[in-house]
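Listing of entry-v8.csv, CSV, N, CA and C atoms
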chain,number,residue,atom,x,y,z
L,1,MET,N,166.9,107.6,35.5
L,1,MET,CA,167.4,107.8,36.9
L,1,MET,C,166.8,109.0,37.6
L,2,GLU,N,166.5,110.1,36.8
L,2,GLU,CA,165.9,111.3,37.5
L,2,GLU,C,164.5,110.9,38.0
L,3,ARG,N,163.8,110.1,37.3
L,3,ARG,CA,162.4,109.8,37.7
L,3,ARG,C,162.4,109.0,39.0
L,4,ILE,N,163.4,108.1,39.2
L,4,ILE,CA,163.6,107.3,40.4
L,4,ILE,C,163.9,108.3,41.6
L,5,VAL,N,164.8,109.2,41.3
L,5,VAL,CA,165.2,110.1,42.4
L,5,VAL,C,164.0,111.0,42.7
L,6,ASN,N,163.3,111.5,41.7
L,6,ASN,CA,162.1,112.3,41.9
L,6,ASN,C,161.1,111.6,42.8
L,7,LYS,N,160.8,110.4,42.4
L,7,LYS,CA,159.8,109.6,43.2
L,7,LYS,C,160.2,109.4,44.7
L,8,ARG,N,161.5,109.1,44.9
L,8,ARG,CA,162.0,108.9,46.2
L,8,ARG,C,161.9,110.2,47.0
L,9,ILE,N,162.3,111.3,46.4
L,9,ILE,CA,162.3,112.6,47.1
L,9,ILE,C,160.9,112.9,47.5
L,10,ILE,N,159.9,112.9,46.5
L,10,ILE,CA,158.5,113.2,46.8
L,10,ILE,C,158.0,112.3,47.9
L,11,ASN,N,158.2,111.0,47.8
L,11,ASN,CA,157.8,110.0,48.9
L,11,ASN,C,158.3,110.4,50.2
L,12,HIS,N,159.6,110.8,50.3
L,12,HIS,CA,160.2,111.2,51.6
L,12,HIS,C,159.6,112.4,52.1
L,13,LEU,N,159.4,113.4,51.3
L,13,LEU,CA,158.8,114.7,51.7
L,13,LEU,C,157.4,114.5,52.2
L,14,GLU,N,156.6,113.7,51.4
L,14,GLU,CA,155.2,113.5,51.8
L,14,GLU,C,155.1,112.7,53.1
L,15,ALA,N,155.9,111.6,53.2
L,15,ALA,CA,155.9,110.7,54.4
L,15,ALA,C,156.3,111.5,55.7
L,16,ASN,N,157.1,112.5,55.5
L,16,ASN,CA,157.6,113.2,56.7
L,16,ASN,C,157.0,114.6,56.8
L,17,SER,N,155.9,114.8,56.1
L,17,SER,CA,155.1,116.1,56.1
L,17,SER,C,156.1,117.3,55.9
L,18,LEU,N,157.0,117.1,55.0
L,18,LEU,CA,157.9,118.2,54.6
L,18,LEU,C,157.5,119.0,53.4
L,19,ILE,N,156.4,118.6,52.8
L,19,ILE,CA,155.9,119.3,51.7
L,19,ILE,C,154.4,119.7,51.9
L,20,SER,N,154.1,120.9,51.6
L,20,SER,CA,152.8,121.5,51.9
L,20,SER,C,151.7,120.8,51.1
L,21,SER,N,150.5,120.6,51.7
L,21,SER,CA,149.4,120.0,50.9
L,21,SER,C,149.0,120.9,49.8
L,22,SER,N,149.3,122.2,49.9
L,22,SER,CA,148.9,123.1,48.8
L,22,SER,C,149.9,123.1,47.7
L,23,GLN,N,151.0,122.4,47.8
L,23,GLN,CA,152.0,122.2,46.7
L,23,GLN,C,151.4,121.5,45.6
L,24,HIS,N,151.3,122.1,44.4
L,24,HIS,CA,150.8,121.4,43.2
L,24,HIS,C,151.8,121.0,42.2
L,25,GLY,N,152.8,121.8,42.0
L,25,GLY,CA,153.9,121.5,41.1
L,25,GLY,C,154.7,120.3,41.5
L,26,PHE,N,155.0,119.4,40.5
L,26,PHE,CA,155.9,118.3,40.7
L,26,PHE,C,155.2,117.2,41.5
L,27,ARG,N,153.9,117.2,41.6
L,27,ARG,CA,153.2,116.1,42.4
L,27,ARG,C,152.2,115.4,41.6
L,28,SER,N,152.1,114.1,41.8
L,28,SER,CA,151.1,113.3,41.1
L,28,SER,C,149.7,113.8,41.3
L,29,LYS,N,149.0,113.8,40.2
L,29,LYS,CA,147.6,114.1,40.2
L,29,LYS,C,147.3,115.6,40.6
L,30,ARG,N,148.3,116.4,40.5
L,30,ARG,CA,148.2,117.8,40.8
L,30,ARG,C,148.9,118.6,39.6
L,31,SER,N,148.4,119.8,39.4
L,31,SER,CA,148.9,120.6,38.3
L,31,SER,C,148.5,122.0,38.4
L,32,VAL,N,148.9,122.8,37.4
L,32,VAL,CA,148.5,124.2,37.4
L,32,VAL,C,147.0,124.3,37.4
L,33,ASP,N,146.3,123.4,36.7
L,33,ASP,CA,144.8,123.4,36.6
L,33,ASP,C,144.2,123.1,38.0
L,34,THR,N,144.7,122.1,38.7
L,34,THR,CA,144.1,121.8,40.0
L,34,THR,C,144.4,122.9,41.0
L,35,ASN,N,145.5,123.6,40.9
L,35,ASN,CA,145.8,124.7,41.7
L,35,ASN,C,144.9,125.8,41.5
L,36,LEU,N,144.6,126.1,40.2
L,36,LEU,CA,143.7,127.2,39.8
L,36,LEU,C,142.3,126.9,40.3
L,37,LEU,N,141.9,125.6,40.2
L,37,LEU,CA,140.5,125.3,40.6
L,37,LEU,C,140.4,125.4,42.1
L,38,GLU,N,141.4,125.0,42.9
L,38,GLU,CA,141.3,125.2,44.3
L,38,GLU,C,141.3,126.6,44.7
L,39,SER,N,142.1,127.4,44.1
L,39,SER,CA,142.2,128.9,44.3
L,39,SER,C,140.9,129.6,44.0
L,40,TYR,N,140.3,129.2,42.8
L,40,TYR,CA,139.0,129.8,42.4
L,40,TYR,C,137.9,129.5,43.4
L,41,SER,N,137.9,128.2,43.8
L,41,SER,CA,136.9,127.8,44.8
L,41,SER,C,137.0,128.5,46.1
L,42,LEU,N,138.2,128.7,46.6
L,42,LEU,CA,138.5,129.4,47.8
L,42,LEU,C,138.0,130.9,47.7
L,43,VAL,N,138.5,131.5,46.7
L,43,VAL,CA,138.1,132.9,46.5
L,43,VAL,C,136.6,133.1,46.3
L,44,THR,N,136.0,132.3,45.6
L,44,THR,CA,134.5,132.3,45.4
L,44,THR,C,133.8,132.2,46.7
L,45,ASP,N,134.2,131.2,47.5
L,45,ASP,CA,133.6,131.0,48.8
L,45,ASP,C,133.7,132.3,49.7
L,46,LEU,N,134.9,132.9,49.7
L,46,LEU,CA,135.1,134.1,50.5
L,46,LEU,C,134.3,135.2,50.0
L,47,ILE,N,134.2,135.4,48.7
L,47,ILE,CA,133.4,136.5,48.2
L,47,ILE,C,132.0,136.4,48.5
L,48,GLU,N,131.5,135.1,48.4
L,48,GLU,CA,130.1,134.9,48.7
L,48,GLU,C,129.8,135.2,50.2
L,49,LYS,N,130.8,135.0,51.1
L,49,LYS,CA,130.6,135.3,52.5
L,49,LYS,C,130.9,136.8,52.8
L,50,ARG,N,131.2,137.6,51.7
L,50,ARG,CA,131.5,139.0,51.8
L,50,ARG,C,132.8,139.2,52.6
L,51,VAL,N,133.7,138.3,52.5
L,51,VAL,CA,135.0,138.5,53.2
L,51,VAL,C,136.0,139.2,52.1
L,52,PRO,N,136.7,140.2,52.5
L,52,PRO,CA,137.6,140.9,51.6
L,52,PRO,C,138.7,139.9,51.2
L,53,VAL,N,139.1,140.0,49.9
L,53,VAL,CA,140.1,139.0,49.4
L,53,VAL,C,141.1,139.8,48.6
L,54,ASP,N,142.4,139.6,48.9
L,54,ASP,CA,143.5,140.1,48.2
L,54,ASP,C,144.2,139.0,47.5
L,55,ILE,N,144.6,139.1,46.3
L,55,ILE,CA,145.3,138.1,45.5
L,55,ILE,C,146.6,138.6,45.1
L,56,ILE,N,147.7,137.9,45.3
L,56,ILE,CA,149.0,138.3,44.9
L,56,ILE,C,149.5,137.2,43.9
L,57,LEU,N,149.8,137.5,42.7
L,57,LEU,CA,150.3,136.6,41.7
L,57,LEU,C,151.8,136.7,41.6
L,58,LEU,N,152.5,135.6,41.7
L,58,LEU,CA,153.9,135.6,41.5
L,58,LEU,C,154.3,134.7,40.3
L,59,ASP,N,155.2,135.2,39.5
L,59,ASP,CA,155.7,134.5,38.4
L,59,ASP,C,157.0,133.9,38.7
L,60,LEU,N,157.1,132.6,39.0
L,60,LEU,CA,158.3,131.9,39.4
L,60,LEU,C,158.9,131.1,38.2
L,61,ALA,N,158.6,131.5,37.0
L,61,ALA,CA,159.0,130.8,35.8
L,61,ALA,C,160.6,130.7,35.8
L,62,LYS,N,161.3,131.7,36.3
L,62,LYS,CA,162.7,131.7,36.2
L,62,LYS,C,163.4,131.2,37.5
L,63,ALA,N,162.6,130.8,38.4
L,63,ALA,CA,163.1,130.4,39.7
L,63,ALA,C,164.2,129.4,39.6
L,64,PHE,N,164.1,128.4,38.8
L,64,PHE,CA,165.1,127.3,38.6
L,64,PHE,C,166.4,127.8,38.0
L,65,ASN,N,166.3,128.9,37.3
L,65,ASN,CA,167.5,129.5,36.6
L,65,ASN,C,168.3,130.3,37.6
L,66,LYS,N,167.8,130.6,38.8
L,66,LYS,CA,168.5,131.5,39.7
L,66,LYS,C,168.9,130.8,41.0
L,67,VAL,N,168.4,129.6,41.4
L,67,VAL,CA,168.7,129.0,42.6
L,67,VAL,C,170.2,128.7,42.7
L,68,CYS,N,170.8,129.2,43.8
L,68,CYS,CA,172.2,129.0,44.1
L,68,CYS,C,172.5,127.5,44.4
L,69,HIS,N,173.5,126.9,43.8
L,69,HIS,CA,173.8,125.4,44.0
L,69,HIS,C,174.1,125.2,45.5
L,70,HIS,N,174.9,126.1,46.1
L,70,HIS,CA,175.3,125.9,47.5
L,70,HIS,C,174.0,125.9,48.4
L,71,TYR,N,173.1,126.9,48.1
L,71,TYR,CA,171.9,127.0,48.9
L,71,TYR,C,171.0,125.7,48.7
L,72,LEU,N,170.9,125.3,47.5
L,72,LEU,CA,170.1,124.1,47.2
L,72,LEU,C,170.6,122.9,48.0
L,73,ILE,N,171.9,122.6,47.9
L,73,ILE,CA,172.5,121.5,48.6
L,73,ILE,C,172.2,121.6,50.1
L,74,HIS,N,172.4,122.8,50.7
L,74,HIS,CA,172.2,123.1,52.1
L,74,HIS,C,170.7,122.8,52.4
L,75,ARG,N,169.8,123.2,51.6
L,75,ARG,CA,168.4,123.0,51.8
L,75,ARG,C,168.1,121.5,51.8
L,76,LEU,N,168.6,120.8,50.9
L,76,LEU,CA,168.4,119.4,50.8
L,76,LEU,C,168.9,118.7,52.0
L,77,CYS,N,170.0,119.1,52.6
L,77,CYS,CA,170.5,118.5,53.9
L,77,CYS,C,169.5,118.7,55.0
L,78,THR,N,168.8,119.8,55.0
L,78,THR,CA,167.9,120.1,56.1
L,78,THR,C,166.6,119.3,56.0
L,79,LEU,N,166.4,118.6,54.9
L,79,LEU,CA,165.2,117.8,54.7
L,79,LEU,C,165.4,116.3,55.0
L,80,SER,N,166.6,116.0,55.6
L,80,SER,CA,166.9,114.6,56.0
L,80,SER,C,166.8,113.6,54.9
L,81,LEU,N,167.2,114.1,53.7
L,81,LEU,CA,167.3,113.2,52.6
L,81,LEU,C,168.5,112.3,52.7
L,82,SER,N,168.5,111.2,52.0
L,82,SER,CA,169.6,110.3,52.0
L,82,SER,C,170.9,111.0,51.6
L,83,PRO,N,172.0,110.8,52.3
L,83,PRO,CA,173.3,111.5,51.9
L,83,PRO,C,173.7,111.0,50.5
L,84,LYS,N,173.3,109.8,50.1
L,84,LYS,CA,173.7,109.4,48.7
L,84,LYS,C,172.9,110.2,47.7
L,85,VAL,N,171.6,110.5,48.0
L,85,VAL,CA,170.9,111.3,47.0
L,85,VAL,C,171.4,112.7,46.9
L,86,ILE,N,171.7,113.3,48.1
L,86,ILE,CA,172.3,114.6,48.1
L,86,ILE,C,173.6,114.6,47.4
L,87,SER,N,174.5,113.6,47.6
L,87,SER,CA,175.8,113.6,46.9
L,87,SER,C,175.6,113.4,45.4
L,88,TRP,N,174.6,112.6,45.0
L,88,TRP,CA,174.3,112.5,43.6
L,88,TRP,C,174.0,113.8,42.9
L,89,ILE,N,173.1,114.5,43.6
L,89,ILE,CA,172.7,115.8,43.0
L,89,ILE,C,173.8,116.8,43.1
L,90,GLU,N,174.6,116.8,44.1
L,90,GLU,CA,175.7,117.7,44.2
L,90,GLU,C,176.7,117.4,43.2
L,91,ASP,N,177.0,116.1,42.9
L,91,ASP,CA,178.0,115.8,41.8
L,91,ASP,C,177.4,116.2,40.5
L,92,PHE,N,176.1,116.1,40.3
L,92,PHE,CA,175.5,116.5,39.0
L,92,PHE,C,175.7,118.0,38.7
L,93,LEU,N,175.6,118.8,39.8
L,93,LEU,CA,175.7,120.2,39.7
L,93,LEU,C,177.1,120.8,39.7
L,94,ARG,N,178.1,120.0,40.3
L,94,ARG,CA,179.4,120.5,40.5
L,94,ARG,C,180.2,120.6,39.1
L,95,ASP,N,181.0,121.6,39.1
L,95,ASP,CA,181.9,121.8,37.9
L,95,ASP,C,181.2,122.0,36.6
L,96,ARG,N,180.0,122.5,36.6
L,96,ARG,CA,179.3,122.8,35.3
L,96,ARG,C,179.8,124.1,34.7
L,97,MET,N,180.0,124.0,33.4
L,97,MET,CA,180.5,125.2,32.7
L,97,MET,C,179.5,125.6,31.6
L,98,GLN,N,179.5,126.8,31.2
L,98,GLN,CA,178.7,127.2,30.1
L,98,GLN,C,179.4,128.3,29.2
L,99,GLN,N,179.0,128.4,28.0
L,99,GLN,CA,179.5,129.5,27.1
L,99,GLN,C,178.4,129.8,26.1
L,100,VAL,N,178.5,130.9,25.5
L,100,VAL,CA,177.5,131.4,24.6
L,100,VAL,C,178.1,131.4,23.2
L,101,LYS,N,177.3,130.9,22.2
L,101,LYS,CA,177.8,130.9,20.8
L,101,LYS,C,176.8,131.8,20.1
L,102,VAL,N,177.3,132.8,19.4
L,102,VAL,CA,176.5,133.7,18.5
L,102,VAL,C,176.8,133.4,17.1
L,103,THR,N,175.8,133.0,16.3
L,103,THR,CA,176.1,132.6,14.9
L,103,THR,C,175.6,133.8,14.0
L,104,ASN,N,176.5,134.1,13.1
L,104,ASN,CA,176.2,135.2,12.1
L,104,ASN,C,176.4,134.5,10.7
L,105,GLY,N,175.5,133.7,10.3
L,105,GLY,CA,175.6,133.0,9.0
L,105,GLY,C,176.1,131.6,9.2
L,106,PRO,N,176.1,130.8,8.2
L,106,PRO,CA,176.4,129.4,8.3
L,106,PRO,C,177.9,129.1,8.6
L,107,ASN,N,178.8,129.9,8.3
L,107,ASN,CA,180.2,129.7,8.6
L,107,ASN,C,180.9,130.7,9.5
L,108,SER,N,180.1,131.5,10.2
L,108,SER,CA,180.6,132.6,11.0
L,108,SER,C,179.9,132.5,12.4
L,109,HIS,N,180.8,132.5,13.4
L,109,HIS,CA,180.2,132.5,14.8
L,109,HIS,C,181.3,133.1,15.7
L,110,ALA,N,180.8,133.5,16.8
L,110,ALA,CA,181.6,134.0,17.9
L,110,ALA,C,181.3,133.1,19.2
L,111,LEU,N,182.3,132.8,19.9
L,111,LEU,CA,182.2,131.9,21.1
L,111,LEU,C,182.8,132.7,22.3
L,112,SER,N,181.9,132.8,23.4
L,112,SER,CA,182.4,133.4,24.6
L,112,SER,C,183.4,132.5,25.3
L,113,ASP,N,184.0,133.0,26.3
L,113,ASP,CA,184.8,132.2,27.2
L,113,ASP,C,183.9,131.3,28.0
L,114,GLU,N,184.4,130.2,28.5
L,114,GLU,CA,183.6,129.3,29.4
L,114,GLU,C,183.6,130.0,30.8
L,115,VAL,N,182.5,129.9,31.4
L,115,VAL,CA,182.4,130.3,32.8
L,115,VAL,C,181.8,129.2,33.7
L,116,ASN,N,182.1,129.2,34.9
L,116,ASN,CA,181.6,128.3,35.9
L,116,ASN,C,180.2,128.6,36.2
L,117,VAL,N,179.3,127.6,36.3
L,117,VAL,CA,177.9,127.8,36.6
L,117,VAL,C,177.7,127.5,38.1
L,118,THR,N,177.3,128.5,38.9
L,118,THR,CA,177.1,128.3,40.3
L,118,THR,C,175.6,128.4,40.7
L,119,SER,N,174.8,128.7,39.8
L,119,SER,CA,173.3,128.7,40.1
L,119,SER,C,172.6,128.2,38.9
L,120,GLY,N,171.3,128.0,39.1
L,120,GLY,CA,170.4,127.4,38.1
L,120,GLY,C,170.5,125.9,38.2
L,121,VAL,N,169.4,125.3,37.8
L,121,VAL,CA,169.3,123.9,37.9
L,121,VAL,C,169.0,123.4,36.5
L,122,PRO,N,169.8,122.5,35.9
L,122,PRO,CA,169.5,121.9,34.6
L,122,PRO,C,168.1,121.3,34.6
L,123,GLN,N,167.5,121.3,33.4
L,123,GLN,CA,166.1,120.9,33.3
L,123,GLN,C,165.8,119.5,33.9
L,124,ALA,N,166.7,118.6,33.7
L,124,ALA,CA,166.6,117.2,34.2
L,124,ALA,C,166.4,117.2,35.7
L,125,VAL,N,167.1,118.1,36.4
L,125,VAL,CA,167.0,118.2,37.9
L,125,VAL,C,165.8,119.0,38.3
L,126,SER,N,165.5,120.1,37.6
L,126,SER,CA,164.4,120.9,38.1
L,126,SER,C,163.1,120.2,38.2
L,127,TRP,N,162.8,119.3,37.3
L,127,TRP,CA,161.5,118.6,37.5
L,127,TRP,C,161.6,117.5,38.5
L,128,ALA,N,162.9,117.1,38.9
L,128,ALA,CA,163.0,116.1,40.0
L,128,ALA,C,163.0,116.7,41.4
L,129,LEU,N,163.1,118.0,41.5
L,129,LEU,CA,163.1,118.6,42.8
L,129,LEU,C,161.9,119.5,43.0
L,130,PRO,N,161.0,119.1,44.0
L,130,PRO,CA,159.8,119.9,44.2
L,130,PRO,C,160.1,121.3,44.6
L,131,CYS,N,159.2,122.2,44.2
L,131,CYS,CA,159.4,123.7,44.5
L,131,CYS,C,159.6,123.9,46.0
L,132,SER,N,159.0,123.2,46.9
L,132,SER,CA,159.1,123.4,48.3
L,132,SER,C,160.6,123.3,48.8
L,133,ILE,N,161.4,122.6,48.0
L,133,ILE,CA,162.8,122.5,48.4
L,133,ILE,C,163.5,123.9,48.3
L,134,TYR,N,163.0,124.7,47.4
L,134,TYR,CA,163.7,126.0,47.2
L,134,TYR,C,163.2,127.1,48.1
L,135,MET,N,162.0,126.9,48.7
L,135,MET,CA,161.4,127.9,49.6
L,135,MET,C,162.0,127.9,50.9
Have the structure of the file written as structure tokens, please.
Amino acid sequence: MERIVNKRIINHLEANSLISSSQHGFRSKRSVDTNLLESYSLVTDLIEKRVPVDIILLDLAKAFNKVCHHYLIHRLCTLSLSPKVISWIEDFLRDRMQQVKVTNGPNSHALSDEVNVTSGVPQAVSWALPCSIYM
């Protein structure tokens, strides 16, 4: 199901020019490698032309762990996605709970209280939603 949603969202974003051509993550035939090659080529060309170059590297590895559910749903609404798709994602994220289990040996563990999860995107959804949705 997630792959179908992913494909539909990507198609919608591309068809309506809502996703940057420089977006590499979550797109067919694009990857960290293609992003690196494009960046390297651009920087090399600029250096050969003696144009000063500044590079800023950002680590967004934890970005999906921090996105607020409310903000994500609001952002999806601004992209003119189908209300059914938005509702499906909202239902998937609603009323999620988590707790921590610490094990101290095979028969001993401590369990925290359950808490409501209001941010972060489960792995199944994070690959289905392009990075540009969060920006």
Check your understanding: With all atoms listed in the file as the basis for distance, which of L:Ser80, L:Thr44, L:Thr34, L:Asn65 is at the shortest distance from His12 of chain L?
Key -> L:Ser80
Exercise for review: Kindly give the distance, in Å, that separates atom C of Val85 of chain L and atom C of Val5 of chain L, rounded to a single decimal.
Suggested key: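 About the pair atom C of Val85 of chain L and atom C of Val5 of chain L: they are 8.7 Å apart.
Closest approach to Arg27 of chain L from the set L:Ile47, L:Met97, L:Ile10, L:Val117 is made by L:Ile10, with distances taken over only C-alpha atoms.
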Report the residues of chain L whose backbone DSSP state falls under alpha helix (DSSP H), written as a short mmCIF file (atom, residue, chain, number, x, y, z; two decimals) with N, CA and C atoms, keeping the file's coordinate frame.
data_model
loop_
_atom_site.label_atom_id
_atom_site.label_comp_id
_atom_site.auth_asym_id
_atom_site.auth_seq_id
_atom_site.Cartn_x
_atom_site.Cartn_y
_atom_site.Cartn_z
N GLU L 2 166.50 110.10 36.80
CA GLU L 2 165.90 111.30 37.50
C GLU L 2 164.50 110.90 38.00
N ARG L 3 163.80 110.10 37.30
CA ARG L 3 162.40 109.80 37.70
C ARG L 3 162.40 109.00 39.00
N ILE L 4 163.40 108.10 39.20
CA ILE L 4 163.60 107.30 40.40
C ILE L 4 163.90 108.30 41.60
N VAL L 5 164.80 109.20 41.30
CA VAL L 5 165.20 110.10 42.40
C VAL L 5 164.00 111.00 42.70
N ASN L 6 163.30 111.50 41.70
CA ASN L 6 162.10 112.30 41.90
C ASN L 6 161.10 111.60 42.80
N LYS L 7 160.80 110.40 42.40
CA LYS L 7 159.80 109.60 43.20
C LYS L 7 160.20 109.40 44.70
N ARG L 8 161.50 109.10 44.90
CA ARG L 8 162.00 108.90 46.20
C ARG L 8 161.90 110.20 47.00
N ILE L 9 162.30 111.30 46.40
CA ILE L 9 162.30 112.60 47.10
C ILE L 9 160.90 112.90 47.50
N ILE L 10 159.90 112.90 46.50
CA ILE L 10 158.50 113.20 46.80
C ILE L 10 158.00 112.30 47.90
N ASN L 11 158.20 111.00 47.80
CA ASN L 11 157.80 110.00 48.90
C ASN L 11 158.30 110.40 50.20
N HIS L 12 159.60 110.80 50.30
CA HIS L 12 160.20 111.20 51.60
C HIS L 12 159.60 112.40 52.10
N LEU L 13 159.40 113.40 51.30
CA LEU L 13 158.80 114.70 51.70
C LEU L 13 157.40 114.50 52.20
N GLU L 14 156.60 113.70 51.40
CA GLU L 14 155.20 113.50 51.80
C GLU L 14 155.10 112.70 53.10
N ALA L 15 155.90 111.60 53.20
CA ALA L 15 155.90 110.70 54.40
C ALA L 15 156.30 111.50 55.70
N VAL L 32 148.90 122.80 37.40
CA VAL L 32 148.50 124.20 37.40
C VAL L 32 147.00 124.30 37.40
N ASP L 33 146.30 123.40 36.70
CA ASP L 33 144.80 123.40 36.60
C ASP L 33 144.20 123.10 38.00
N THR L 34 144.70 122.10 38.70
CA THR L 34 144.10 121.80 40.00
C THR L 34 144.40 122.90 41.00
N ASN L 35 145.50 123.60 40.90
CA ASN L 35 145.80 124.70 41.70
C ASN L 35 144.90 125.80 41.50
N LEU L 36 144.60 126.10 40.20
CA LEU L 36 143.70 127.20 39.80
C LEU L 36 142.30 126.90 40.30
N LEU L 37 141.90 125.60 40.20
CA LEU L 37 140.50 125.30 40.60
C LEU L 37 140.40 125.40 42.10
N GLU L 38 141.40 125.00 42.90
CA GLU L 38 141.30 125.20 44.30
C GLU L 38 141.30 126.60 44.70
N SER L 39 142.10 127.40 44.10
CA SER L 39 142.20 128.90 44.30
C SER L 39 140.90 129.60 44.00
N TYR L 40 140.30 129.20 42.80
CA TYR L 40 139.00 129.80 42.40
C TYR L 40 137.90 129.50 43.40
N SER L 41 137.90 128.20 43.80
CA SER L 41 136.90 127.80 44.80
C SER L 41 137.00 128.50 46.10
N LEU L 42 138.20 128.70 46.60
CA LEU L 42 138.50 129.40 47.80
C LEU L 42 138.00 130.90 47.70
N VAL L 43 138.50 131.50 46.70
CA VAL L 43 138.10 132.90 46.50
C VAL L 43 136.60 133.10 46.30
N THR L 44 136.00 132.30 45.60
CA THR L 44 134.50 132.30 45.40
C THR L 44 133.80 132.20 46.70
N ASP L 45 134.20 131.20 47.50
CA ASP L 45 133.60 131.00 48.80
C ASP L 45 133.70 132.30 49.70
N LEU L 46 134.90 132.90 49.70
CA LEU L 46 135.10 134.10 50.50
C LEU L 46 134.30 135.20 50.00
N ILE L 47 134.20 135.40 48.70
CA ILE L 47 133.40 136.50 48.20
C ILE L 47 132.00 136.40 48.50
N GLU L 48 131.50 135.10 48.40
CA GLU L 48 130.10 134.90 48.70
C GLU L 48 129.80 135.20 50.20
N ALA L 63 162.60 130.80 38.40
CA ALA L 63 163.10 130.40 39.70
C ALA L 63 164.20 129.40 39.60
N PHE L 64 164.10 128.40 38.80
CA PHE L 64 165.10 127.30 38.60
C PHE L 64 166.40 127.80 38.00
N ASN L 65 166.30 128.90 37.30
CA ASN L 65 167.50 129.50 36.60
C ASN L 65 168.30 130.30 37.60
N LYS L 66 167.80 130.60 38.80
CA LYS L 66 168.50 131.50 39.70
C LYS L 66 168.90 130.80 41.00
N HIS L 69 173.50 126.90 43.80
CA HIS L 69 173.80 125.40 44.00
C HIS L 69 174.10 125.20 45.50
N HIS L 70 174.90 126.10 46.10
CA HIS L 70 175.30 125.90 47.50
C HIS L 70 174.00 125.90 48.40
N TYR L 71 173.10 126.90 48.10
CA TYR L 71 171.90 127.00 48.90
C TYR L 71 171.00 125.70 48.70
N LEU L 72 170.90 125.30 47.50
CA LEU L 72 170.10 124.10 47.20
C LEU L 72 170.60 122.90 48.00
N ILE L 73 171.90 122.60 47.90
CA ILE L 73 172.50 121.50 48.60
C ILE L 73 172.20 121.60 50.10
N HIS L 74 172.40 122.80 50.70
CA HIS L 74 172.20 123.10 52.10
C HIS L 74 170.70 122.80 52.40
N ARG L 75 169.80 123.20 51.60
CA ARG L 75 168.40 123.00 51.80
C ARG L 75 168.10 121.50 51.80
N LEU L 76 168.60 120.80 50.90
CA LEU L 76 168.40 119.40 50.80
C LEU L 76 168.90 118.70 52.00
N CYS L 77 170.00 119.10 52.60
CA CYS L 77 170.50 118.50 53.90
C CYS L 77 169.50 118.70 55.00
N THR L 78 168.80 119.80 55.00
CA THR L 78 167.90 120.10 56.10
C THR L 78 166.60 119.30 56.00
N PRO L 83 172.00 110.80 52.30
CA PRO L 83 173.30 111.50 51.90
C PRO L 83 173.70 111.00 50.50
N LYS L 84 173.30 109.80 50.10
CA LYS L 84 173.70 109.40 48.70
C LYS L 84 172.90 110.20 47.70
N VAL L 85 171.60 110.50 48.00
CA VAL L 85 170.90 111.30 47.00
C VAL L 85 171.40 112.70 46.90
N ILE L 86 171.70 113.30 48.10
CA ILE L 86 172.30 114.60 48.10
C ILE L 86 173.60 114.60 47.40
N SER L 87 174.50 113.60 47.60
CA SER L 87 175.80 113.60 46.90
C SER L 87 175.60 113.40 45.40
N TRP L 88 174.60 112.60 45.00
CA TRP L 88 174.30 112.50 43.60
C TRP L 88 174.00 113.80 42.90
N ILE L 89 173.10 114.50 43.60
CA ILE L 89 172.70 115.80 43.00
C ILE L 89 173.80 116.80 43.10
N GLU L 90 174.60 116.80 44.10
CA GLU L 90 175.70 117.70 44.20
C GLU L 90 176.70 117.40 43.20
N ASP L 91 177.00 116.10 42.90
CA ASP L 91 178.00 115.80 41.80
C ASP L 91 177.40 116.20 40.50
N PHE L 92 176.10 116.10 40.30
CA PHE L 92 175.50 116.50 39.00
C PHE L 92 175.70 118.00 38.70
N LEU L 93 175.60 118.80 39.80
CA LEU L 93 175.70 120.20 39.70
C LEU L 93 177.10 120.80 39.70
N GLN L 123 167.50 121.30 33.40
CA GLN L 123 166.10 120.90 33.30
C GLN L 123 165.80 119.50 33.90
N ALA L 124 166.70 118.60 33.70
CA ALA L 124 166.60 117.20 34.20
C ALA L 124 166.40 117.20 35.70
N VAL L 125 167.10 118.10 36.40
CA VAL L 125 167.00 118.20 37.90
C VAL L 125 165.80 119.00 38.30
N SER L 126 165.50 120.10 37.60
CA SER L 126 164.40 120.90 38.10
C SER L 126 163.10 120.20 38.20
#
**Study point:** strand (DSSP E or B) positions in segment 3-126 of chain L, given as number ranges by chain
**Key:** L: 68, 97-98, 101-103, 109-111, 115-116, 119
Check your understanding: Rounded to one decimal in Å, what is the spacing between atom CA of Val51 of chain L and atom C of Ser39 of chain L?
Key ->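 Distance between the two atoms: 14.1 Å.
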Exercise for review: Record the distance separating atom CA of Ser31 of chain L and atom CA of Asp54 of chain L, expressed in Å with one decimal.
Suggested key: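 Atom CA of Asp54 of chain L lies 22.5 Å from atom CA of Ser31 of chain L.
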Check your understanding: Can you tell me, as a list in words, what residues are no more than 8 Å from Asn116 of chain L when counting only N, CA and C atoms, ignoring any on the same chain fewer than 4 positions away?
Key ->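 So, after excluding close chain neighbours, the residues are Asp95, Arg96, Met97, Gln98 and Gln99 of chain L.
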Exercise for review: For each of L:His69, L:Lys101, L:His74, L:Arg94, take the minimum atom-to-atom distance to Thr118 of chain L, counting only N, CA and C atoms, then give the residue where this is smallest.
Suggested key: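 Checking each of L:His69, L:Lys101, L:His74, L:Arg94 against Thr118 of chain L, counting only N, CA and C atoms, the winner is L:His69.
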